[in-house]
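Peer 1: Handing you this structure, nothing more for now.
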Amino acid sequence: MMGIEWVASMVFDWEASMVYWILAMVFFIIVELATAALVAIWFVAGSIAAFVAACFDVSLVGQCVVFTVVSVVLFLLMWPFLGKVKVEKTPTNADSVVGMEGIVLDDIDNVRSLGRVQVNGLGWAARSEDGSLIEAGKRIVVRELQGVTLTVSEKK
């Protein structure tokens, strides 16, 4: 019977698997550098551990087990700290409309997903902050920007 070990030994020798783990490590480093959050750092460490296992001529299955165990253990150890990592939002020119006043051009009705306002000379899609209907012509204050839609409240 041909087991996975035999198939792996036919396809991967220990030198080739070392190269594959180095390539995997480089790939995960690139992924980590390309993102703003920790998404692949534990896979980098797992790749290094599997590379070391390959250096000691551990089978491919063993190398994969080492990669998986090290990656999962590091992820679980880091989990409590991940919620504490703060990614700062980069403000844009559009964010400057938050706090500004404007006027409702078309009635704002969250239920029907309707509403347009004019703020700082520009027209925006709008939703009311509390879900209430705000009629055209009313003055509003911008509370939040989500994508290209403003969340507003009626100016009292």
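Every chain in the structure tokens takes a letter, A first, then B, and so on in the order presented; its residues are numbered from 1, and the ligands are numbered from 1 following the presented order.
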Would you list the contacts of Val26 in chain A as a CSV table (one decimal) with N, CA, C and O atoms, in the first residue's frame, taking every protein, DNA or RNA residue within 9 Å and counting only C-alpha atoms, but skipping same-chain residues closer than 5 positions in sequence?

Peer 2:
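Saved file part.csv follows:
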```csv
chain,number,residue,atom,x,y,z
A,21,TRP,N,10.0,25.6,2.4
A,21,TRP,CA,9.8,26.3,3.6
A,21,TRP,C,10.3,27.7,3.6
A,21,TRP,O,9.7,28.7,4.2
A,31,VAL,N,3.2,38.9,2.9
A,31,VAL,CA,1.8,39.1,3.3
A,31,VAL,C,1.7,40.0,4.5
A,31,VAL,O,0.9,40.9,4.6
A,44,VAL,N,5.0,32.8,9.6
A,44,VAL,CA,6.4,33.0,9.4
A,44,VAL,C,7.2,32.1,10.4
A,44,VAL,O,8.1,31.4,10.0
```

Peer 1: Can you check which residues of chain A DSSP gives as helix (DSSP H, G or I) on the backbone and send them as a PyMOL selection string?

Peer 2: chain A and resi 4-11+14-34+41-55+60-82+94-97

Peer 1: Which residue out of A:Val141, A:Val73, A:Leu33, A:Ala136 has the minimum interatomic distance to Gly115 in chain A when only C-alpha atoms are used?

Peer 2: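 Smallest separation from Gly115 in chain A among the options: A:Ala136.
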
Peer 1: Could you give me, as an NGL selection string, each residue of chain A that DSSP assigns to strand (DSSP E or B) when run on this structure's backbone?

Peer 2: :A and (101-109 or 114-119 or 122-128 or 134 or 139-146 or 149-154)

Peer 1: Would you save the residues from that selection as an mmCIF file, in the first residue's frame, using N, CA and C atoms?

Peer 2:
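After the write, selection07.cif holds the following:
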```cif
data_model
loop_
_atom_site.group_PDB
_atom_site.id
_atom_site.type_symbol
_atom_site.label_atom_id
_atom_site.label_comp_id
_atom_site.auth_asym_id
_atom_site.auth_seq_id
_atom_site.Cartn_x
_atom_site.Cartn_y
_atom_site.Cartn_z
ATOM 1 N N GLU A 101 -22.332 71.527 9.589
ATOM 2 C CA GLU A 101 -23.769 71.647 9.402
ATOM 3 C C GLU A 101 -24.086 71.646 7.914
ATOM 4 N N GLY A 102 -25.304 71.241 7.588
ATOM 5 C CA GLY A 102 -25.749 71.225 6.203
ATOM 6 C C GLY A 102 -27.255 71.316 6.144
ATOM 7 N N ILE A 103 -27.769 71.093 4.945
ATOM 8 C CA ILE A 103 -29.209 71.162 4.729
ATOM 9 C C ILE A 103 -29.678 69.913 3.997
ATOM 10 N N VAL A 104 -30.868 69.446 4.342
ATOM 11 C CA VAL A 104 -31.426 68.251 3.714
ATOM 12 C C VAL A 104 -31.985 68.639 2.350
ATOM 13 N N LEU A 105 -31.516 67.983 1.292
ATOM 14 C CA LEU A 105 -32.002 68.226 -0.066
ATOM 15 C C LEU A 105 -33.215 67.345 -0.368
ATOM 16 N N ASP A 106 -33.127 66.060 -0.040
ATOM 17 C CA ASP A 106 -34.211 65.100 -0.228
ATOM 18 C C ASP A 106 -34.490 64.449 1.121
ATOM 19 N N ASP A 107 -35.778 64.248 1.436
ATOM 20 C CA ASP A 107 -36.145 63.651 2.724
ATOM 21 C C ASP A 107 -35.242 62.470 3.054
ATOM 22 N N ILE A 108 -34.827 62.397 4.333
ATOM 23 C CA ILE A 108 -34.011 61.283 4.806
ATOM 24 C C ILE A 108 -34.937 60.260 5.446
ATOM 25 N N ASP A 109 -34.964 59.076 4.861
ATOM 26 C CA ASP A 109 -35.810 57.977 5.353
ATOM 27 C C ASP A 109 -34.962 56.708 5.358
ATOM 28 N N LEU A 114 -33.393 56.315 1.624
ATOM 29 C CA LEU A 114 -33.430 57.555 0.844
ATOM 30 C C LEU A 114 -32.849 58.691 1.675
ATOM 31 N N GLY A 115 -32.355 59.694 0.994
ATOM 32 C CA GLY A 115 -31.910 60.896 1.663
ATOM 33 C C GLY A 115 -30.657 61.477 1.056
ATOM 34 N N ARG A 116 -30.696 62.793 0.851
ATOM 35 C CA ARG A 116 -29.534 63.528 0.353
ATOM 36 C C ARG A 116 -29.419 64.813 1.131
ATOM 37 N N VAL A 117 -28.178 65.181 1.400
ATOM 38 C CA VAL A 117 -27.905 66.436 2.087
ATOM 39 C C VAL A 117 -26.820 67.183 1.338
ATOM 40 N N GLN A 118 -26.748 68.470 1.631
ATOM 41 C CA GLN A 118 -25.654 69.270 1.096
ATOM 42 C C GLN A 118 -24.855 69.771 2.292
ATOM 43 N N VAL A 119 -23.556 69.443 2.270
ATOM 44 C CA VAL A 119 -22.646 69.852 3.335
ATOM 45 C C VAL A 119 -21.389 70.392 2.680
ATOM 46 N N LEU A 122 -21.170 70.284 -1.110
ATOM 47 C CA LEU A 122 -21.211 69.007 -1.817
ATOM 48 C C LEU A 122 -22.450 68.221 -1.423
ATOM 49 N N GLY A 123 -22.997 67.459 -2.385
ATOM 50 C CA GLY A 123 -24.138 66.601 -2.113
ATOM 51 C C GLY A 123 -23.676 65.242 -1.628
ATOM 52 N N TRP A 124 -24.368 64.701 -0.601
ATOM 53 C CA TRP A 124 -24.026 63.421 -0.006
ATOM 54 C C TRP A 124 -25.276 62.592 0.203
ATOM 55 N N ALA A 125 -25.131 61.267 0.091
ATOM 56 C CA ALA A 125 -26.188 60.373 0.556
ATOM 57 C C ALA A 125 -26.181 60.474 2.071
ATOM 58 N N ALA A 126 -27.374 60.369 2.679
ATOM 59 C CA ALA A 126 -27.441 60.557 4.134
ATOM 60 C C ALA A 126 -28.427 59.601 4.776
ATOM 61 N N ARG A 127 -28.154 59.267 6.017
ATOM 62 C CA ARG A 127 -29.039 58.474 6.873
ATOM 63 C C ARG A 127 -29.133 59.203 8.200
ATOM 64 N N SER A 128 -30.286 59.115 8.851
ATOM 65 C CA SER A 128 -30.426 59.786 10.141
ATOM 66 C C SER A 128 -29.820 58.920 11.241
ATOM 67 N N ILE A 134 -36.240 62.863 8.445
ATOM 68 C CA ILE A 134 -35.847 64.274 8.443
ATOM 69 C C ILE A 134 -36.259 64.843 7.095
ATOM 70 N N ARG A 139 -32.196 71.773 8.768
ATOM 71 C CA ARG A 139 -30.757 71.873 9.013
ATOM 72 C C ARG A 139 -30.296 70.612 9.753
ATOM 73 N N ILE A 140 -29.122 70.129 9.402
ATOM 74 C CA ILE A 140 -28.577 68.912 10.019
ATOM 75 C C ILE A 140 -27.141 69.152 10.473
ATOM 76 N N VAL A 141 -26.665 68.220 11.310
ATOM 77 C CA VAL A 141 -25.262 68.187 11.731
ATOM 78 C C VAL A 141 -24.735 66.799 11.388
ATOM 79 N N VAL A 142 -23.577 66.754 10.761
ATOM 80 C CA VAL A 142 -22.966 65.477 10.386
ATOM 81 C C VAL A 142 -22.346 64.841 11.629
ATOM 82 N N ARG A 143 -22.720 63.591 11.891
ATOM 83 C CA ARG A 143 -22.209 62.865 13.050
ATOM 84 C C ARG A 143 -21.130 61.849 12.676
ATOM 85 N N GLU A 144 -21.236 61.281 11.461
ATOM 86 C CA GLU A 144 -20.300 60.219 11.073
ATOM 87 C C GLU A 144 -20.270 60.096 9.557
ATOM 88 N N LEU A 145 -19.141 59.608 9.054
ATOM 89 C CA LEU A 145 -18.980 59.313 7.632
ATOM 90 C C LEU A 145 -18.698 57.833 7.496
ATOM 91 N N GLN A 146 -19.545 57.129 6.738
ATOM 92 C CA GLN A 146 -19.339 55.702 6.464
ATOM 93 C C GLN A 146 -19.328 55.528 4.960
ATOM 94 N N THR A 149 -21.567 57.792 2.631
ATOM 95 C CA THR A 149 -22.851 58.130 3.236
ATOM 96 C C THR A 149 -22.622 58.804 4.575
ATOM 97 N N LEU A 150 -23.317 59.919 4.787
ATOM 98 C CA LEU A 150 -23.210 60.634 6.047
ATOM 99 C C LEU A 150 -24.311 60.177 7.002
ATOM 100 N N THR A 151 -23.947 60.038 8.245
ATOM 101 C CA THR A 151 -24.931 59.831 9.305
ATOM 102 C C THR A 151 -25.132 61.197 9.940
ATOM 103 N N VAL A 152 -26.387 61.658 9.971
ATOM 104 C CA VAL A 152 -26.682 63.013 10.408
ATOM 105 C C VAL A 152 -27.779 63.023 11.471
ATOM 106 N N SER A 153 -27.853 64.141 12.162
ATOM 107 C CA SER A 153 -28.970 64.371 13.079
ATOM 108 C C SER A 153 -29.513 65.769 12.803
ATOM 109 N N GLU A 154 -30.790 65.934 13.089
ATOM 110 C CA GLU A 154 -31.429 67.227 12.867
ATOM 111 C C GLU A 154 -30.865 68.230 13.856
#
```

Peer 1: Near Leu23 in chain A, within 12 Å and counting only C-alpha atoms, which residues show up once chain neighbours fewer than 3 positions away are dropped, as a list in words?

Peer 2: Ala16, Ser17, Met18, Val19, Tyr20, Val26, Phe27, Phe28, Ile29, Ile30, Phe43, Val44, Ser47, Ile48, Ala50 and Phe51 of chain A

Peer 1: Between CA of Leu74 in chain A and CA of Ala40 in chain A, what is the distance in Å, rounded to a tenth?

Peer 2: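 We find that CA of Leu74 in chain A and CA of Ala40 in chain A lie 10.8 Å from each other.
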
Peer 1: For CA of Phe75 in chain A and CA of Val61 in chain A, quote the distance in Å rounded to one decimal.

Peer 2: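 So the answer is 21.0 Å.
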
Peer 1: Could you check the closest approach to Trp79 in chain A for each of A:Leu38, A:Glu32, A:Glu129, A:Val98 and tell me which residue wins, using only C-alpha atoms?

Peer 2: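 Distance minimum relative to Trp79 in chain A lands on A:Leu38.
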